[in-house]
>>> print(open('entry29.cif').read())   # mmCIF, N, CA and C atoms
data_run
loop_
_atom_site.label_atom_id
_atom_site.label_comp_id
_atom_site.auth_asym_id
_atom_site.auth_seq_id
_atom_site.Cartn_x
_atom_site.Cartn_y
_atom_site.Cartn_z
N MET J 1 0.85 -1.18 0.00
CA MET J 1 0.00 0.00 0.00
C MET J 1 0.89 1.24 0.00
N LYS J 2 0.64 2.13 -0.92
CA LYS J 2 1.44 3.34 -0.98
C LYS J 2 1.14 4.23 0.23
N SER J 3 2.11 5.08 0.55
CA SER J 3 1.98 5.94 1.72
C SER J 3 0.80 6.90 1.59
N LYS J 4 0.55 7.37 0.37
CA LYS J 4 -0.54 8.33 0.16
C LYS J 4 -1.88 7.71 0.54
N TYR J 5 -2.08 6.45 0.18
CA TYR J 5 -3.34 5.79 0.50
C TYR J 5 -3.48 5.54 2.00
N LYS J 6 -2.36 5.30 2.65
CA LYS J 6 -2.39 5.12 4.10
C LYS J 6 -2.87 6.41 4.78
N GLU J 7 -2.36 7.54 4.33
CA GLU J 7 -2.78 8.81 4.91
C GLU J 7 -4.24 9.11 4.62
N ILE J 8 -4.69 8.75 3.41
CA ILE J 8 -6.11 8.95 3.07
C ILE J 8 -6.98 8.11 3.99
N LEU J 9 -6.56 6.89 4.25
CA LEU J 9 -7.31 6.03 5.18
C LEU J 9 -7.33 6.63 6.59
N PHE J 10 -6.21 7.21 7.01
CA PHE J 10 -6.17 7.85 8.32
C PHE J 10 -7.13 9.04 8.38
N VAL J 11 -7.17 9.83 7.31
CA VAL J 11 -8.07 10.98 7.28
C VAL J 11 -9.53 10.52 7.35
N ILE J 12 -9.88 9.53 6.53
CA ILE J 12 -11.26 9.03 6.52
C ILE J 12 -11.60 8.39 7.86
N GLY J 13 -10.69 7.58 8.39
CA GLY J 13 -10.93 6.95 9.69
C GLY J 13 -11.07 7.97 10.80
N GLY J 14 -10.26 9.01 10.77
CA GLY J 14 -10.36 10.07 11.77
C GLY J 14 -11.68 10.80 11.71
N ILE J 15 -12.12 11.08 10.49
CA ILE J 15 -13.42 11.75 10.33
C ILE J 15 -14.54 10.87 10.85
N LEU J 16 -14.50 9.57 10.50
CA LEU J 16 -15.54 8.66 10.97
C LEU J 16 -15.53 8.51 12.48
N LEU J 17 -14.34 8.43 13.06
CA LEU J 17 -14.25 8.29 14.52
C LEU J 17 -14.73 9.54 15.23
N ALA J 18 -14.36 10.71 14.71
CA ALA J 18 -14.83 11.97 15.31
C ALA J 18 -16.33 12.12 15.14
N ALA J 19 -16.85 11.72 13.99
CA ALA J 19 -18.30 11.79 13.78
C ALA J 19 -19.04 10.84 14.71
N ALA J 20 -18.47 9.66 14.93
CA ALA J 20 -19.09 8.72 15.87
C ALA J 20 -19.09 9.30 17.28
N GLY J 21 -18.00 9.96 17.66
CA GLY J 21 -17.95 10.60 18.97
C GLY J 21 -18.99 11.70 19.11
N LEU J 22 -19.11 12.52 18.07
CA LEU J 22 -20.13 13.57 18.10
C LEU J 22 -21.53 12.98 18.13
N PHE J 23 -21.75 11.92 17.37
CA PHE J 23 -23.05 11.26 17.36
C PHE J 23 -23.40 10.75 18.76
N MET J 24 -22.43 10.08 19.38
CA MET J 24 -22.68 9.55 20.73
C MET J 24 -22.90 10.67 21.74
N LEU J 25 -22.19 11.76 21.55
CA LEU J 25 -22.27 12.85 22.52
C LEU J 25 -23.54 13.68 22.36
N ARG J 26 -23.96 13.93 21.13
CA ARG J 26 -25.10 14.83 20.90
C ARG J 26 -26.44 14.13 20.81
N LEU J 27 -26.48 13.01 20.14
CA LEU J 27 -27.77 12.39 19.87
C LEU J 27 -28.22 11.40 20.94
N MET J 28 -27.27 10.76 21.60
CA MET J 28 -27.64 9.77 22.62
C MET J 28 -26.75 9.92 23.85
N PRO J 29 -26.78 11.06 24.53
CA PRO J 29 -25.85 11.25 25.66
C PRO J 29 -26.13 10.31 26.83
N GLN J 30 -27.39 9.97 27.07
CA GLN J 30 -27.70 9.12 28.22
C GLN J 30 -27.29 7.67 27.95
N ALA J 31 -27.35 7.22 26.70
CA ALA J 31 -26.99 5.84 26.38
C ALA J 31 -25.48 5.62 26.39
N TRP J 32 -24.73 6.65 26.03
CA TRP J 32 -23.28 6.53 25.95
C TRP J 32 -22.60 7.34 27.04
N GLY J 33 -23.05 7.26 28.25
CA GLY J 33 -22.44 8.01 29.32
C GLY J 33 -21.01 7.55 29.56
N GLY J 34 -20.22 8.42 30.06
CA GLY J 34 -18.83 8.08 30.33
C GLY J 34 -17.87 8.71 29.34
N PRO J 35 -16.67 8.22 29.33
CA PRO J 35 -15.61 8.85 28.53
C PRO J 35 -15.55 8.42 27.07
N LEU J 36 -16.32 7.40 26.65
CA LEU J 36 -16.19 6.87 25.29
C LEU J 36 -16.43 7.91 24.19
N PRO J 37 -17.48 8.75 24.26
CA PRO J 37 -17.65 9.75 23.19
C PRO J 37 -16.49 10.73 23.11
N TYR J 38 -15.98 11.14 24.27
CA TYR J 38 -14.87 12.09 24.29
C TYR J 38 -13.58 11.44 23.76
N LEU J 39 -13.40 10.18 24.08
CA LEU J 39 -12.24 9.46 23.58
C LEU J 39 -12.30 9.32 22.06
N CYS J 40 -13.47 8.96 21.54
CA CYS J 40 -13.64 8.86 20.08
C CYS J 40 -13.41 10.21 19.41
N LEU J 41 -13.93 11.25 19.99
CA LEU J 41 -13.77 12.58 19.42
C LEU J 41 -12.30 13.02 19.43
N GLY J 42 -11.63 12.81 20.54
CA GLY J 42 -10.23 13.22 20.64
C GLY J 42 -9.31 12.42 19.74
N VAL J 43 -9.45 11.10 19.76
CA VAL J 43 -8.60 10.27 18.91
C VAL J 43 -8.92 10.51 17.43
N GLY J 44 -10.19 10.67 17.11
CA GLY J 44 -10.58 10.91 15.72
C GLY J 44 -10.00 12.20 15.17
N THR J 45 -10.08 13.28 15.94
CA THR J 45 -9.52 14.53 15.45
C THR J 45 -8.00 14.47 15.38
N GLY J 46 -7.37 13.76 16.29
CA GLY J 46 -5.92 13.60 16.23
C GLY J 46 -5.47 12.83 15.01
N VAL J 47 -6.15 11.73 14.73
CA VAL J 47 -5.82 10.91 13.56
C VAL J 47 -6.10 11.69 12.28
N PHE J 48 -7.20 12.41 12.24
CA PHE J 48 -7.51 13.24 11.07
C PHE J 48 -6.43 14.30 10.86
N GLY J 49 -6.03 14.96 11.93
CA GLY J 49 -5.01 16.00 11.82
C GLY J 49 -3.68 15.46 11.34
N TRP J 50 -3.28 14.29 11.86
CA TRP J 50 -2.01 13.70 11.44
C TRP J 50 -2.07 13.32 9.96
N GLY J 51 -3.13 12.61 9.56
CA GLY J 51 -3.25 12.19 8.17
C GLY J 51 -3.34 13.38 7.22
N GLY J 52 -4.11 14.40 7.60
CA GLY J 52 -4.22 15.59 6.76
C GLY J 52 -2.90 16.32 6.64
N GLY J 53 -2.16 16.41 7.73
CA GLY J 53 -0.85 17.06 7.68
C GLY J 53 0.13 16.32 6.79
N GLU J 54 0.10 15.00 6.86
CA GLU J 54 0.98 14.21 6.00
C GLU J 54 0.60 14.37 4.52
N LEU J 55 -0.70 14.40 4.24
CA LEU J 55 -1.14 14.60 2.86
C LEU J 55 -0.71 15.97 2.34
N LEU J 56 -0.87 17.00 3.17
CA LEU J 56 -0.45 18.34 2.75
C LEU J 56 1.06 18.41 2.56
N LYS J 57 1.81 17.74 3.42
CA LYS J 57 3.27 17.73 3.27
C LYS J 57 3.67 17.04 1.97
N GLN J 58 3.02 15.92 1.65
CA GLN J 58 3.33 15.21 0.40
C GLN J 58 2.97 16.06 -0.81
N ARG J 59 1.86 16.77 -0.71
CA ARG J 59 1.44 17.62 -1.84
C ARG J 59 2.41 18.78 -2.03
N ALA J 60 2.89 19.35 -0.93
CA ALA J 60 3.84 20.46 -1.04
C ALA J 60 5.18 19.99 -1.61
N MET J 61 5.57 18.75 -1.32
CA MET J 61 6.85 18.22 -1.78
C MET J 61 6.77 17.59 -3.18
N LYS J 62 5.59 17.49 -3.74
CA LYS J 62 5.38 16.76 -4.99
C LYS J 62 6.26 17.28 -6.12
N GLY J 63 6.36 18.56 -6.31
CA GLY J 63 7.13 19.12 -7.41
C GLY J 63 8.52 19.56 -7.01
N GLU J 64 8.96 19.24 -5.83
CA GLU J 64 10.25 19.69 -5.33
C GLU J 64 11.12 18.51 -4.87
N PRO J 65 11.71 17.77 -5.79
CA PRO J 65 12.53 16.62 -5.37
C PRO J 65 13.79 17.04 -4.61
N GLU J 66 14.32 18.20 -4.95
CA GLU J 66 15.53 18.67 -4.25
C GLU J 66 15.21 19.02 -2.80
N LEU J 67 14.09 19.66 -2.58
CA LEU J 67 13.67 19.99 -1.21
C LEU J 67 13.38 18.72 -0.42
N GLN J 68 12.76 17.75 -1.06
CA GLN J 68 12.47 16.47 -0.40
C GLN J 68 13.78 15.77 0.01
N LYS J 69 14.76 15.77 -0.88
CA LYS J 69 16.04 15.15 -0.58
C LYS J 69 16.74 15.87 0.56
N ARG J 70 16.69 17.20 0.54
CA ARG J 70 17.31 18.00 1.60
C ARG J 70 16.64 17.74 2.96
N MET J 71 15.32 17.61 2.95
CA MET J 71 14.61 17.34 4.21
C MET J 71 14.91 15.94 4.73
N ASP J 72 15.06 14.97 3.83
CA ASP J 72 15.42 13.62 4.25
C ASP J 72 16.81 13.59 4.86
N ILE J 73 17.74 14.30 4.24
CA ILE J 73 19.10 14.36 4.77
C ILE J 73 19.11 15.05 6.13
N GLU J 74 18.35 16.13 6.25
CA GLU J 74 18.30 16.87 7.51
C GLU J 74 17.67 16.04 8.63
N ALA J 75 16.66 15.26 8.30
CA ALA J 75 16.00 14.44 9.32
C ALA J 75 16.93 13.33 9.81
N ASN J 76 17.80 12.83 8.95
CA ASN J 76 18.70 11.74 9.34
C ASN J 76 20.11 12.22 9.65
N ASP J 77 20.32 13.51 9.72
CA ASP J 77 21.63 14.07 10.01
C ASP J 77 22.06 13.67 11.42
N GLU J 78 23.33 13.30 11.57
CA GLU J 78 23.84 12.85 12.87
C GLU J 78 23.70 13.93 13.94
N ARG J 79 23.93 15.17 13.57
CA ARG J 79 23.83 16.25 14.55
C ARG J 79 22.40 16.39 15.06
N ASN J 80 21.44 16.35 14.14
CA ASN J 80 20.04 16.48 14.56
C ASN J 80 19.59 15.28 15.38
N VAL J 81 20.07 14.10 15.02
CA VAL J 81 19.73 12.90 15.81
C VAL J 81 20.33 13.01 17.20
N ALA J 82 21.57 13.48 17.29
CA ALA J 82 22.20 13.64 18.60
C ALA J 82 21.47 14.69 19.44
N LEU J 83 21.06 15.78 18.81
CA LEU J 83 20.30 16.81 19.55
C LEU J 83 18.97 16.26 20.06
N ALA J 84 18.28 15.48 19.21
CA ALA J 84 17.00 14.90 19.63
C ALA J 84 17.21 13.92 20.78
N ASN J 85 18.27 13.14 20.73
CA ASN J 85 18.55 12.19 21.81
C ASN J 85 18.90 12.90 23.11
N ARG J 86 19.65 13.99 23.03
CA ARG J 86 19.97 14.75 24.25
C ARG J 86 18.71 15.37 24.84
N ALA J 87 17.83 15.88 23.97
CA ALA J 87 16.58 16.46 24.46
C ALA J 87 15.71 15.40 25.13
N LYS J 88 15.66 14.21 24.55
CA LYS J 88 14.89 13.12 25.16
C LYS J 88 15.48 12.73 26.51
N ALA J 89 16.80 12.71 26.60
CA ALA J 89 17.44 12.36 27.87
C ALA J 89 17.12 13.39 28.95
N ARG J 90 17.15 14.66 28.60
CA ARG J 90 16.81 15.70 29.58
C ARG J 90 15.35 15.60 29.99
N ALA J 91 14.48 15.35 29.03
CA ALA J 91 13.06 15.21 29.34
C ALA J 91 12.82 14.00 30.24
N TYR J 92 13.54 12.91 30.01
CA TYR J 92 13.41 11.73 30.85
C TYR J 92 13.86 12.04 32.28
N ASP J 93 14.99 12.72 32.42
CA ASP J 93 15.46 13.08 33.76
C ASP J 93 14.45 13.94 34.48
N CYS J 94 13.88 14.90 33.78
CA CYS J 94 12.86 15.78 34.38
C CYS J 94 11.61 14.98 34.72
N MET J 95 11.23 14.05 33.85
CA MET J 95 10.03 13.26 34.07
C MET J 95 10.11 12.44 35.34
N LEU J 96 11.29 11.94 35.66
CA LEU J 96 11.43 11.15 36.89
C LEU J 96 11.09 11.98 38.12
N TYR J 97 11.55 13.22 38.16
CA TYR J 97 11.25 14.09 39.30
C TYR J 97 9.77 14.49 39.32
N VAL J 98 9.22 14.76 38.14
CA VAL J 98 7.80 15.15 38.06
C VAL J 98 6.91 14.00 38.49
N PHE J 99 7.20 12.78 38.03
CA PHE J 99 6.43 11.62 38.45
C PHE J 99 6.53 11.41 39.96
N GLY J 100 7.73 11.55 40.50
CA GLY J 100 7.91 11.39 41.94
C GLY J 100 7.12 12.41 42.73
N ALA J 101 7.17 13.66 42.30
CA ALA J 101 6.41 14.71 42.99
C ALA J 101 4.91 14.48 42.86
N LEU J 102 4.47 14.03 41.70
CA LEU J 102 3.05 13.77 41.49
C LEU J 102 2.57 12.61 42.37
N MET J 103 3.37 11.57 42.47
CA MET J 103 3.00 10.45 43.34
C MET J 103 2.91 10.90 44.79
N LEU J 104 3.88 11.69 45.22
CA LEU J 104 3.86 12.18 46.60
C LEU J 104 2.66 13.08 46.85
N SER J 105 2.35 13.95 45.89
CA SER J 105 1.19 14.83 46.08
C SER J 105 -0.11 14.04 46.08
N PHE J 106 -0.21 13.00 45.26
CA PHE J 106 -1.40 12.15 45.29
C PHE J 106 -1.56 11.45 46.63
N VAL J 107 -0.46 11.00 47.20
CA VAL J 107 -0.53 10.35 48.51
C VAL J 107 -0.97 11.35 49.57
N LEU J 108 -0.42 12.55 49.52
CA LEU J 108 -0.77 13.57 50.51
C LEU J 108 -2.20 14.08 50.34
N MET J 109 -2.74 14.03 49.12
CA MET J 109 -4.12 14.45 48.88
C MET J 109 -5.11 13.34 49.18
N ASP J 110 -4.60 12.18 49.56
CA ASP J 110 -5.45 11.04 49.91
C ASP J 110 -6.30 10.58 48.72
N VAL J 111 -5.63 10.49 47.56
CA VAL J 111 -6.29 10.01 46.35
C VAL J 111 -6.49 8.51 46.47
N ASP J 112 -7.44 7.98 45.73
CA ASP J 112 -7.73 6.54 45.74
C ASP J 112 -6.46 5.73 45.50
N LEU J 113 -6.33 4.64 46.23
CA LEU J 113 -5.14 3.80 46.16
C LEU J 113 -4.92 3.24 44.76
N THR J 114 -5.98 2.95 44.03
CA THR J 114 -5.85 2.41 42.68
C THR J 114 -5.13 3.38 41.76
N ALA J 115 -5.47 4.65 41.84
CA ALA J 115 -4.82 5.66 40.99
C ALA J 115 -3.35 5.79 41.36
N ILE J 116 -3.04 5.75 42.63
CA ILE J 116 -1.65 5.86 43.06
C ILE J 116 -0.85 4.65 42.59
N LEU J 117 -1.42 3.47 42.72
CA LEU J 117 -0.71 2.26 42.30
C LEU J 117 -0.52 2.22 40.78
N LEU J 118 -1.49 2.73 40.02
CA LEU J 118 -1.32 2.82 38.57
C LEU J 118 -0.17 3.77 38.22
N LEU J 119 -0.10 4.88 38.90
CA LEU J 119 0.98 5.84 38.66
C LEU J 119 2.33 5.25 39.05
N VAL J 120 2.39 4.56 40.17
CA VAL J 120 3.63 3.91 40.60
C VAL J 120 4.03 2.83 39.59
N GLY J 121 3.05 2.07 39.10
CA GLY J 121 3.35 1.05 38.09
C GLY J 121 3.91 1.65 36.81
N ALA J 122 3.33 2.76 36.37
CA ALA J 122 3.83 3.43 35.17
C ALA J 122 5.25 3.96 35.40
N TYR J 123 5.48 4.51 36.57
CA TYR J 123 6.80 5.02 36.93
C TYR J 123 7.83 3.90 36.90
N LEU J 124 7.50 2.77 37.53
CA LEU J 124 8.43 1.65 37.57
C LEU J 124 8.63 1.03 36.19
N LEU J 125 7.60 1.04 35.35
CA LEU J 125 7.73 0.55 33.99
C LEU J 125 8.73 1.40 33.21
N VAL J 126 8.63 2.70 33.33
CA VAL J 126 9.55 3.60 32.62
C VAL J 126 10.97 3.41 33.11
N VAL J 127 11.15 3.31 34.41
CA VAL J 127 12.49 3.10 34.96
C VAL J 127 13.02 1.73 34.55
N GLY J 128 12.17 0.71 34.55
CA GLY J 128 12.59 -0.62 34.12
C GLY J 128 13.01 -0.65 32.66
N ILE J 129 12.27 0.03 31.81
CA ILE J 129 12.64 0.11 30.39
C ILE J 129 13.99 0.82 30.24
N SER J 130 14.20 1.84 31.03
CA SER J 130 15.47 2.57 30.99
C SER J 130 16.63 1.65 31.39
N VAL J 131 16.45 0.90 32.45
CA VAL J 131 17.51 -0.02 32.90
C VAL J 131 17.75 -1.10 31.85
N TYR J 132 16.69 -1.64 31.26
CA TYR J 132 16.82 -2.68 30.24
C TYR J 132 17.66 -2.18 29.07
N TYR J 133 17.33 -1.00 28.55
CA TYR J 133 18.07 -0.48 27.41
C TYR J 133 19.48 -0.08 27.77
N TYR J 134 19.69 0.36 29.00
CA TYR J 134 21.06 0.68 29.43
C TYR J 134 21.91 -0.57 29.39
N VAL J 135 21.42 -1.68 29.93
CA VAL J 135 22.16 -2.94 29.95
C VAL J 135 22.35 -3.45 28.51
N ARG J 136 21.31 -3.35 27.69
CA ARG J 136 21.40 -3.82 26.32
C ARG J 136 22.43 -3.03 25.52
N PHE J 137 22.40 -1.70 25.63
CA PHE J 137 23.37 -0.88 24.90
C PHE J 137 24.76 -1.04 25.45
N ASP J 138 24.88 -1.31 26.75
CA ASP J 138 26.19 -1.52 27.37
C ASP J 138 26.83 -2.80 26.80
N LYS J 139 26.02 -3.83 26.58
CA LYS J 139 26.55 -5.07 26.01
C LYS J 139 26.96 -4.90 24.57
N GLU J 140 26.27 -4.04 23.83
CA GLU J 140 26.60 -3.81 22.42
C GLU J 140 27.89 -3.05 22.25
N MET J 141 28.20 -2.18 23.18
CA MET J 141 29.39 -1.33 23.01
C MET J 141 30.60 -1.95 23.58
#
>>> encode(input="entry29.cif", output="structure tokens")
Amino acid sequence: MKSKYKEILFVIGGILLAAAGLFMLRLMPQAWGGPLPYLCLGVGTGVFGWGGGELLKQRAMKGEPELQKRMDIEANDERNVALANRAKARAYDCMLYVFGALMLSFVLMDVDLTAILLLVGAYLLVVGISVYYYVRFDKEM
């Protein structure tokens, strides 16, 4: 399947999902109570926006092969990849402190134990993934 058709499918799927969310929200609010209509609406508009943006990008690049080549080189440039990796590392370091503070504030606010345990599980999953990749990359080098 060509990339263009994939984006068209994303646009159509996003429109259908957003329309289903609106339908559930406006026409039958009592039957579809809860977060499902909002989830459909949010995911649908996100998928539509991504697919539409990709289609517009492809259309803008259609007559410019030199610009397309330059953008491909820039996206895979070692310097840009290194900058992106450093930014991700800083964001990860910051995220650990933010997650810790959020867990502590949830405990102090006496939030339901289920929510706290879900947050702790997510925190430990992220740290576990970090340790796994550290060991894996250490063995490769």
>>> atom_distance(input="entry29.cif", atom1="atom N of Val47 of chain J", atom2="atom CA of Leu83 of chain J")
27.4 Å
>>> atom_distance(input="entry29.cif", atom1="atom C of Met61 of chain J", atom2="atom C of Ile8 of chain J")
18.2 Å
>>> residues_around(input="entry29.cif", residues="Ile116 of chain J", least_positions_apart="6", cutoff="10 Å", atoms="only C-alpha atoms", output="list of chain:residue names")
J:Leu102, J:Met103, J:Leu104, J:Ser105, J:Phe106, J:Val107, J:Asp110, J:Ala122
>>> select_by_dssp(input="entry29.cif", residues="segment 4-116 of chain J", states="alpha helix (DSSP H)", output="number ranges by chain")
J: 4-26, 36-61, 65-75, 78-108, 113-116
>>> resolve_selection(input="entry29.cif", expression="the PyMOL selection byres ((chain J and resi 12-23) around 7)", output="MDAnalysis selection string")
chainID J and resid 7:11 24:29 36:49
>>> residues_around(input="entry29.cif", residues="Lys57 of chain J", least_positions_apart="2", cutoff="12 Å", atoms="only C-alpha atoms", output="list in words")
Ser3, Lys4, Glu7, Trp50, Gly51, Gly52, Gly53, Glu54, Leu55, Arg59, Ala60, Met61, Lys62, Gly63, Glu64, Leu67, Gln68 and Met71 of chain J
>>> atom_distance(input="entry29.cif", atom1="atom N of Ala91 of chain J", atom2="atom N of Ile129 of chain J")
15.7 Å
>>> residues_around(input="entry29.cif", residues="Leu96 of chain J", least_positions_apart="5", cutoff="12 Å", atoms="only C-alpha atoms", output="PDB file with N, CA and C atoms, keeping the file's coordinate frame")
ATOM      1  N   ALA J  89      16.800  12.710  26.600  1.00  0.00           N
ATOM      2  CA  ALA J  89      17.440  12.360  27.870  1.00  0.00           C
ATOM      3  C   ALA J  89      17.120  13.390  28.950  1.00  0.00           C
ATOM      4  N   ARG J  90      17.150  14.660  28.600  1.00  0.00           N
ATOM      5  CA  ARG J  90      16.810  15.700  29.580  1.00  0.00           C
ATOM      6  C   ARG J  90      15.350  15.600  29.990  1.00  0.00           C
ATOM      7  N   ALA J  91      14.480  15.350  29.030  1.00  0.00           N
ATOM      8  CA  ALA J  91      13.060  15.210  29.340  1.00  0.00           C
ATOM      9  C   ALA J  91      12.820  14.000  30.240  1.00  0.00           C
ATOM     10  N   ALA J 101       7.170  13.660  42.300  1.00  0.00           N
ATOM     11  CA  ALA J 101       6.410  14.710  42.990  1.00  0.00           C
ATOM     12  C   ALA J 101       4.910  14.480  42.860  1.00  0.00           C
ATOM     13  N   LEU J 102       4.470  14.030  41.700  1.00  0.00           N
ATOM     14  CA  LEU J 102       3.050  13.770  41.490  1.00  0.00           C
ATOM     15  C   LEU J 102       2.570  12.610  42.370  1.00  0.00           C
ATOM     16  N   MET J 103       3.370  11.570  42.470  1.00  0.00           N
ATOM     17  CA  MET J 103       3.000  10.450  43.340  1.00  0.00           C
ATOM     18  C   MET J 103       2.910  10.900  44.790  1.00  0.00           C
ATOM     19  N   LEU J 119      -0.100   4.880  38.900  1.00  0.00           N
ATOM     20  CA  LEU J 119       0.980   5.840  38.660  1.00  0.00           C
ATOM     21  C   LEU J 119       2.330   5.250  39.050  1.00  0.00           C
ATOM     22  N   VAL J 120       2.390   4.560  40.170  1.00  0.00           N
ATOM     23  CA  VAL J 120       3.630   3.910  40.600  1.00  0.00           C
ATOM     24  C   VAL J 120       4.030   2.830  39.590  1.00  0.00           C
ATOM     25  N   ALA J 122       3.330   2.760  36.370  1.00  0.00           N
ATOM     26  CA  ALA J 122       3.830   3.430  35.170  1.00  0.00           C
ATOM     27  C   ALA J 122       5.250   3.960  35.400  1.00  0.00           C
ATOM     28  N   TYR J 123       5.480   4.510  36.570  1.00  0.00           N
ATOM     29  CA  TYR J 123       6.800   5.020  36.930  1.00  0.00           C
ATOM     30  C   TYR J 123       7.830   3.900  36.900  1.00  0.00           C
ATOM     31  N   LEU J 124       7.500   2.770  37.530  1.00  0.00           N
ATOM     32  CA  LEU J 124       8.430   1.650  37.570  1.00  0.00           C
ATOM     33  C   LEU J 124       8.630   1.030  36.190  1.00  0.00           C
ATOM     34  N   LEU J 125       7.600   1.040  35.350  1.00  0.00           N
ATOM     35  CA  LEU J 125       7.730   0.550  33.990  1.00  0.00           C
ATOM     36  C   LEU J 125       8.730   1.400  33.210  1.00  0.00           C
ATOM     37  N   VAL J 126       8.630   2.700  33.330  1.00  0.00           N
ATOM     38  CA  VAL J 126       9.550   3.600  32.620  1.00  0.00           C
ATOM     39  C   VAL J 126      10.970   3.410  33.110  1.00  0.00           C
ATOM     40  N   VAL J 127      11.150   3.310  34.410  1.00  0.00           N
ATOM     41  CA  VAL J 127      12.490   3.100  34.960  1.00  0.00           C
ATOM     42  C   VAL J 127      13.020   1.730  34.550  1.00  0.00           C
ATOM     43  N   SER J 130      14.200   1.840  31.030  1.00  0.00           N
ATOM     44  CA  SER J 130      15.470   2.570  30.990  1.00  0.00           C
ATOM     45  C   SER J 130      16.630   1.650  31.390  1.00  0.00           C
TER      46      SER J 130
END
